[in-house]
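Chemist: So here's run01.pdb, just PDB, C-alpha atoms:
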ATOM      1  CA  MET A   1      64.653  90.769  96.139
ATOM      2  CA  GLU A   2      61.734  89.825  93.870
ATOM      3  CA  HIS A   3      60.280  93.342  93.923
ATOM      4  CA  TYR A   4      63.338  95.623  94.234
ATOM      5  CA  ASP A   5      65.444  95.182  91.113
ATOM      6  CA  ILE A   6      67.959  97.811  92.186
ATOM      7  CA  ASP A   7      70.769  95.635  90.822
ATOM      8  CA  GLY A   8      69.418  96.506  87.400
ATOM      9  CA  LEU A   9      70.425 100.155  87.747
ATOM     10  CA  ILE A  10      73.293 101.357  85.564
ATOM     11  CA  GLU A  11      76.533 101.513  87.536
ATOM     12  CA  TYR A  12      80.034 102.665  86.674
ATOM     13  CA  GLY A  13      81.424  99.173  87.061
ATOM     14  CA  ASP A  14      80.210  95.693  86.281
ATOM     15  CA  GLU A  15      81.447  92.184  85.803
ATOM     16  CA  SER A  16      80.460  89.556  83.258
ATOM     17  CA  LEU A  17      78.575  86.440  84.321
ATOM     18  CA  PRO A  18      79.220  82.849  83.165
ATOM     19  CA  GLY A  19      77.344  81.984  79.966
ATOM     20  CA  THR A  20      75.713  78.952  81.605
ATOM     21  CA  HIS A  21      74.245  81.100  84.385
ATOM     22  CA  GLN A  22      70.434  81.207  84.244
ATOM     23  CA  VAL A  23      68.579  84.522  84.368
ATOM     24  CA  VAL A  24      64.993  85.653  83.942
ATOM     25  CA  ASN A  25      64.074  85.693  80.266
ATOM     26  CA  PRO A  26      63.692  89.374  79.173
ATOM     27  CA  ARG A  27      60.737  88.403  76.953
ATOM     28  CA  TRP A  28      59.030  86.630  79.873
ATOM     29  CA  ARG A  29      59.678  89.663  82.102
ATOM     30  CA  GLU A  30      58.024  91.987  79.561
ATOM     31  CA  LEU A  31      55.017  89.700  79.244
ATOM     32  CA  ASP A  32      54.730  89.330  83.022
ATOM     33  CA  LYS A  33      54.736  93.114  83.426
ATOM     34  CA  ALA A  34      52.076  93.446  80.728
ATOM     35  CA  VAL A  35      49.944  90.770  82.437
ATOM     36  CA  ARG A  36      50.113  92.592  85.767
ATOM     37  CA  GLN A  37      49.241  95.947  84.189
ATOM     38  CA  THR A  38      46.341  94.449  82.228
ATOM     39  CA  ARG A  39      45.057  92.645  85.312
ATOM     40  CA  GLN A  40      45.103  95.939  87.202
ATOM     41  CA  SER A  41      43.087  97.542  84.386
ATOM     42  CA  GLU A  42      40.627  94.647  84.593
ATOM     43  CA  ARG A  43      40.137  95.177  88.344
ATOM     44  CA  LYS A  44      39.545  98.902  87.859
ATOM     45  CA  LEU A  45      36.953  98.306  85.147
ATOM     46  CA  GLN A  46      35.203  95.699  87.290
ATOM     47  CA  ALA A  47      35.091  98.168  90.183
ATOM     48  CA  ALA A  48      33.709 100.895  87.897
ATOM     49  CA  ILE A  49      30.952  98.580  86.616
ATOM     50  CA  ALA A  50      30.068  97.568  90.174
ATOM     51  CA  ARG A  51      29.806 101.215  91.270
ATOM     52  CA  THR A  52      27.594 102.003  88.274
ATOM     53  CA  ALA A  53      25.318  99.057  89.048
ATOM     54  CA  LEU A  54      24.937 100.148  92.672
ATOM     55  CA  ASN A  55      23.963 103.650  91.571
ATOM     56  CA  ASP A  56      20.409 102.642  90.575
ATOM     57  CA  GLY A  57      21.613 101.002  87.423
ATOM     58  CA  GLY A  58      23.593 104.037  86.315
ATOM     59  CA  GLU A  59      23.678 105.224  82.725
ATOM     60  CA  ILE A  60      22.917 102.300  80.422
ATOM     61  CA  GLN A  61      25.156 103.571  77.629
ATOM     62  CA  LYS A  62      28.075 104.233  79.950
ATOM     63  CA  ASN A  63      27.686 100.843  81.614
ATOM     64  CA  ALA A  64      27.546  99.080  78.223
ATOM     65  CA  GLU A  65      30.754 100.822  77.153
ATOM     66  CA  SER A  66      32.446  99.764  80.397
ATOM     67  CA  VAL A  67      31.359  96.142  79.890
ATOM     68  CA  GLU A  68      32.649  96.217  76.318
ATOM     69  CA  ALA A  69      35.973  97.669  77.501
ATOM     70  CA  LEU A  70      36.189  94.991  80.207
ATOM     71  CA  GLN A  71      35.641  92.209  77.661
ATOM     72  CA  ALA A  72      38.406  93.629  75.468
ATOM     73  CA  VAL A  73      40.787  93.814  78.429
ATOM     74  CA  GLN A  74      39.947  90.236  79.452
ATOM     75  CA  GLU A  75      40.643  89.000  75.913
ATOM     76  CA  GLU A  76      43.983  90.812  75.941
ATOM     77  CA  LEU A  77      44.740  89.326  79.362
ATOM     78  CA  LYS A  78      44.097  85.799  78.045
ATOM     79  CA  ARG A  79      46.406  86.448  75.090
ATOM     80  CA  LEU A  80      49.183  87.788  77.311
ATOM     81  CA  CYS A  81      48.863  84.920  79.806
ATOM     82  CA  ALA A  82      49.085  82.380  76.977
ATOM     83  CA  ALA A  83      52.150  84.126  75.533
ATOM     84  CA  ARG A  84      53.800  84.264  78.967
ATOM     85  CA  LYS A  85      53.094  80.571  79.536
ATOM     86  CA  ALA A  86      54.659  79.715  76.173
ATOM     87  CA  SER A  87      57.849  81.656  76.997
ATOM     88  CA  PRO A  88      60.458  80.040  79.256
ATOM     89  CA  ARG A  89      60.789  81.922  82.521
ATOM     90  CA  LYS A  90      64.550  81.440  82.702
ATOM     91  CA  VAL A  91      67.215  81.110  80.029
ATOM     92  CA  THR A  92      70.987  80.833  80.006
ATOM     93  CA  ILE A  93      72.968  84.015  79.453
ATOM     94  CA  ASP A  94      74.721  82.727  76.340
ATOM     95  CA  SER A  95      71.312  82.200  74.670
ATOM     96  CA  LEU A  96      70.601  85.931  74.819
ATOM     97  CA  PRO A  97      71.743  88.563  72.292
ATOM     98  CA  GLU A  98      74.955  90.298  73.344
ATOM     99  CA  ALA A  99      73.169  93.580  74.106
ATOM    100  CA  GLU A 100      70.688  91.858  76.438
ATOM    101  CA  ARG A 101      73.187  89.851  78.468
ATOM    102  CA  PRO A 102      73.148  91.040  82.105
ATOM    103  CA  THR A 103      76.221  91.756  84.176
ATOM    104  CA  GLN A 104      76.721  91.795  87.908
ATOM    105  CA  LEU A 105      77.772  94.644  90.138
ATOM    106  CA  PRO A 106      81.201  94.626  91.788
ATOM    107  CA  PRO A 107      81.083  93.393  95.410
ATOM    108  CA  LEU A 108      81.080  96.865  97.035
ATOM    109  CA  ASN A 109      78.277  98.146  94.823
ATOM    110  CA  LYS A 110      76.345  94.945  95.521
ATOM    111  CA  MET A 111      76.651  95.565  99.264
ATOM    112  CA  LEU A 112      75.297  99.106  98.835
ATOM    113  CA  CYS A 113      72.373  97.869  96.732
ATOM    114  CA  ASP A 114      71.544  95.168  99.270
ATOM    115  CA  THR A 115      71.469  97.852 101.979
ATOM    116  CA  VAL A 116      69.078  99.985  99.922
ATOM    117  CA  LYS A 117      66.906  96.924  99.331
ATOM    118  CA  MET A 118      66.635  96.311 103.057
ATOM    119  CA  VAL A 119      65.755  99.951 103.745
ATOM    120  CA  ALA A 120      63.050  99.830 101.058
ATOM    121  CA  TYR A 121      61.688  96.537 102.391
ATOM    122  CA  ARG A 122      61.565  97.859 105.953
ATOM    123  CA  ALA A 123      59.723 100.988 104.794
ATOM    124  CA  GLU A 124      57.230  98.779 102.977
ATOM    125  CA  THR A 125      56.827  96.557 106.044
ATOM    126  CA  ALA A 126      56.209  99.572 108.294
ATOM    127  CA  MET A 127      53.411 100.760 105.995
ATOM    128  CA  VAL A 128      51.988  97.229 105.849
ATOM    129  CA  ALA A 129      51.801  97.240 109.658
ATOM    130  CA  LEU A 130      49.720 100.441 109.518
ATOM    131  CA  LEU A 131      47.476  99.018 106.810
ATOM    132  CA  ARG A 132      46.904  95.761 108.720
ATOM    133  CA  ARG A 133      44.577  97.700 111.031
ATOM    134  CA  HIS A 134      42.169  97.933 108.119
ATOM    135  CA  LEU A 135      42.830  94.671 106.226
ATOM    136  CA  LYS A 136      42.742  91.161 107.686
ATOM    137  CA  LYS A 137      45.485  89.427 105.679
ATOM    138  CA  GLU A 138      49.116  90.550 105.585
ATOM    139  CA  ASP A 139      49.536  89.349 101.986
ATOM    140  CA  ASP A 140      46.609  91.540 100.920
ATOM    141  CA  ALA A 141      48.058  94.512 102.779
ATOM    142  CA  ARG A 142      51.523  94.049 101.242
ATOM    143  CA  ALA A 143      50.081  93.681  97.730
ATOM    144  CA  LEU A 144      48.009  96.839  98.233
ATOM    145  CA  ILE A 145      51.055  98.781  99.454
ATOM    146  CA  ARG A 146      52.961  97.762  96.327
ATOM    147  CA  GLU A 147      50.005  98.895  94.229
ATOM    148  CA  LEU A 148      50.037 102.200  96.119
ATOM    149  CA  PHE A 149      53.737 102.698  95.336
ATOM    150  CA  VAL A 150      53.065 102.583  91.592
ATOM    151  CA  SER A 151      49.717 104.399  91.627
ATOM    152  CA  SER A 152      49.227 107.679  89.793
ATOM    153  CA  ALA A 153      49.119 110.845  91.879
ATOM    154  CA  ASP A 154      48.848 114.607  91.567
ATOM    155  CA  ILE A 155      51.226 116.900  93.484
ATOM    156  CA  GLU A 156      49.840 120.239  94.620
ATOM    157  CA  PRO A 157      52.273 122.691  96.267
ATOM    158  CA  ASN A 158      50.999 125.628  98.315
ATOM    159  CA  ALA A 159      53.730 128.183  98.953
ATOM    160  CA  LEU A 160      51.586 130.339 101.243
ATOM    161  CA  ALA A 161      50.620 127.461 103.531
ATOM    162  CA  ASN A 162      54.023 125.783 103.068
ATOM    163  CA  THR A 163      52.361 122.457 102.252
ATOM    164  CA  LEU A 164      52.753 119.831  99.570
ATOM    165  CA  THR A 165      49.582 117.809  98.985
ATOM    166  CA  ILE A 166      49.918 114.406  97.311
ATOM    167  CA  LYS A 167      46.612 113.319  95.813
ATOM    168  CA  ILE A 168      46.586 109.565  95.232
ATOM    169  CA  HIS A 169      44.223 108.209  92.586
ATOM    170  CA  ARG A 170      41.678 105.666  93.768
ATOM    171  CA  MET A 171      42.328 101.939  94.021
ATOM    172  CA  ALA A 172      40.523  99.077  92.286
ATOM    173  CA  SER A 173      37.786  98.538  94.902
ATOM    174  CA  PRO A 174      35.866 100.517  97.561
ATOM    175  CA  ALA A 175      37.344  98.325 100.336
ATOM    176  CA  HIS A 176      40.871  99.180  99.189
ATOM    177  CA  ASP A 177      39.898 102.839  98.881
ATOM    178  CA  ARG A 178      38.797 102.895 102.526
ATOM    179  CA  ALA A 179      41.967 101.164 103.716
ATOM    180  CA  ILE A 180      44.287 103.450 101.723
ATOM    181  CA  ALA A 181      42.347 106.568 102.789
ATOM    182  CA  ALA A 182      42.845 105.595 106.434
ATOM    183  CA  LEU A 183      46.553 104.947 105.824
ATOM    184  CA  LEU A 184      47.023 108.319 104.103
ATOM    185  CA  GLU A 185      45.277 110.038 107.002
ATOM    186  CA  GLU A 186      47.734 108.425 109.418
ATOM    187  CA  LEU A 187      50.697 109.468 107.254
ATOM    188  CA  THR A 188      49.405 113.046 107.146
ATOM    189  CA  LEU A 189      49.221 113.110 110.950
ATOM    190  CA  GLN A 190      52.943 112.274 111.062
ATOM    191  CA  ASP A 191      53.724 115.793 109.710
ATOM    192  CA  PHE A 192      56.487 114.632 107.365
ATOM    193  CA  PRO A 193      58.434 117.601 105.907
ATOM    194  CA  HIS A 194      59.639 117.580 102.327
ATOM    195  CA  PRO A 195      63.405 116.817 102.467
ATOM    196  CA  GLU A 196      64.359 119.814 100.276
ATOM    197  CA  THR A 197      61.741 122.529 100.818
ATOM    198  CA  GLY A 198      60.622 121.648 104.337
ATOM    199  CA  ALA A 199      56.980 121.927 103.228
ATOM    200  CA  ARG A 200      54.519 119.906 105.301
ATOM    201  CA  MET A 201      53.418 116.865 103.290
ATOM    202  CA  THR A 202      49.744 115.888 103.305
ATOM    203  CA  PHE A 203      48.227 112.857 101.624
ATOM    204  CA  THR A 204      44.708 112.322 100.359
ATOM    205  CA  LEU A 205      42.730 110.001  98.082
ATOM    206  CA  VAL A 206      40.917 111.558  95.093
TER
END
Any chance you could put this one into structure tokens?
Modeler:
Amino acid sequence: MEHYDIDGLIEYGDESLPGTHQVVNPRWRELDKAVRQTRQSERKLQAAIARTALNDGGEIQKNAESVEALQAVQEELKRLCAARKASPRKVTIDSLPEAERPTQLPPLNKMLCDTVKMVAYRAETAMVALLRRHLKKEDDARALIRELFVSSADIEPNALANTLTIKIHRMASPAHDRAIAALLEELTLQDFPHPETGARMTFTLV
């Protein structure tokens, strides 16, 4: 429920909530999202600097630029963390502007959303089980799967071969790259067809 905010989708029907009901502060949510995105950028820059250092010192100018970019990201991360800490995590609904006050789904829609949540969670758990073969801790595997779900990717269709290749961009560290590459290889071996075109889906890390 923490990671699948499907209740937030726009529905045809909704119901108002009591004004004294506490909800996550929209400002805190924005800051928390920014913190997570900035922290991910920090990890990627740290991994890039480490790879450059291992490559016989790499290009001095390029490495200096990466270090400077990392310092800027770390300063921004400190600022965002301080702002998030200063913002209350939860507020009452009546303290929010009218346009920002959340509503709840009618009972039947809520049941449907809960079902979708469970399906999504089970899919995540199944992929975590595959990834556990390459990572020791379940928490690390689950966090990496969530990172995979929001990672950038290129989609390359091939009409002649009837394939659809999904090229996932690399993770924040070589260890995660190896684990994800192994997972994508296993998914490719499953021969999943695209639900609309029937093209064979293949997955790779680039």
Chemist: Tell me which protein, DNA and RNA residues are within 9 Å of range 28-37 of chain A, counting only C-alpha atoms, leaving out same-chain ones fewer than 4 positions away, and put them as an NGL selection string.
Modeler: :A and (24 or 41-42 or 76-78 or 80-81 or 83-90)
Chemist: List the residues matched by the PyMOL selection byres ((chain A and resi 170) around 9) in the displayed structure as a ChimeraX atom specification, ordered by chain and then by residue number.
Modeler: /A:151-152,168-169,171-174,176-177,180,205-206
Chemist: Now that the selection is made, can you save its residues with C-alpha atoms as an mmCIF file, in the coordinates of the input?
Modeler:
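Saved file selection_23.cif follows:
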data_model
loop_
_atom_site.group_PDB
_atom_site.id
_atom_site.type_symbol
_atom_site.label_atom_id
_atom_site.label_comp_id
_atom_site.auth_asym_id
_atom_site.auth_seq_id
_atom_site.Cartn_x
_atom_site.Cartn_y
_atom_site.Cartn_z
ATOM 1 C CA SER A 151 49.717 104.399 91.627
ATOM 2 C CA SER A 152 49.227 107.679 89.793
ATOM 3 C CA ILE A 168 46.586 109.565 95.232
ATOM 4 C CA HIS A 169 44.223 108.209 92.586
ATOM 5 C CA MET A 171 42.328 101.939 94.021
ATOM 6 C CA ALA A 172 40.523 99.077 92.286
ATOM 7 C CA SER A 173 37.786 98.538 94.902
ATOM 8 C CA PRO A 174 35.866 100.517 97.561
ATOM 9 C CA HIS A 176 40.871 99.180 99.189
ATOM 10 C CA ASP A 177 39.898 102.839 98.881
ATOM 11 C CA ILE A 180 44.287 103.450 101.723
ATOM 12 C CA LEU A 205 42.730 110.001 98.082
ATOM 13 C CA VAL A 206 40.917 111.558 95.093
#
Chemist: On this structure, which residues satisfy the PyMOL selection byres ((chain A and resi 197) around 12), written as a PyMOL selection string?
Modeler: chain A and resi 157-159+162-164+192-196+198-201
Chemist: Using all atoms listed in the file, which residues sit within 9 Å of range 137-145 of chain A once same-chain residues fewer than 3 positions away are excluded, as a list in words?
Modeler: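 Once the adjacent positions are removed, what remains is Glu124, Thr125, Met127, Val128, Ala129, Leu131, Arg132, His134, Leu148, Phe149, Val150, Met171, His176 and Ile180 of chain A.
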Chemist: Give as a list in words the residues that the PyMOL selection byres ((chain A and resi 96) around 12) matches when applied to the coordinates above.
Modeler: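 So the PyMOL selection byres ((chain A and resi 96) around 12), applied here, picks out Gly19, Thr20, His21, Gln22, Val23, Val24, Asn25, Pro26, Arg27, Lys90, Val91, Thr92, Ile93, Asp94, Ser95, Pro97, Glu98, Ala99, Glu100, Arg101 and Pro102 of chain A.
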Chemist: Provide the CA of Ser66 in chain A to CA of Ile49 in chain A distance in Å, to one decimal place.
Modeler: 6.5 Å
Chemist: Work out how far CA of Phe203 in chain A is from CA of Leu187 in chain A, in Å to one decimal.
Modeler: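 So the two atoms, CA of Leu187 in chain A and CA of Phe203 in chain A, lie 7.0 Å apart.
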Chemist: Just how far from CA of Ala123 in chain A is CA of Glu156 in chain A, in Å to one decimal?
Modeler: 23.9 Å
Chemist: Could you tell me which of A:Ala64, A:Leu184, A:Met111, A:Val73 comes closest to Arg43 in chain A if we count all atoms listed in the file?
Modeler: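 For Arg43 in chain A, the nearest of the candidates is A:Val73.
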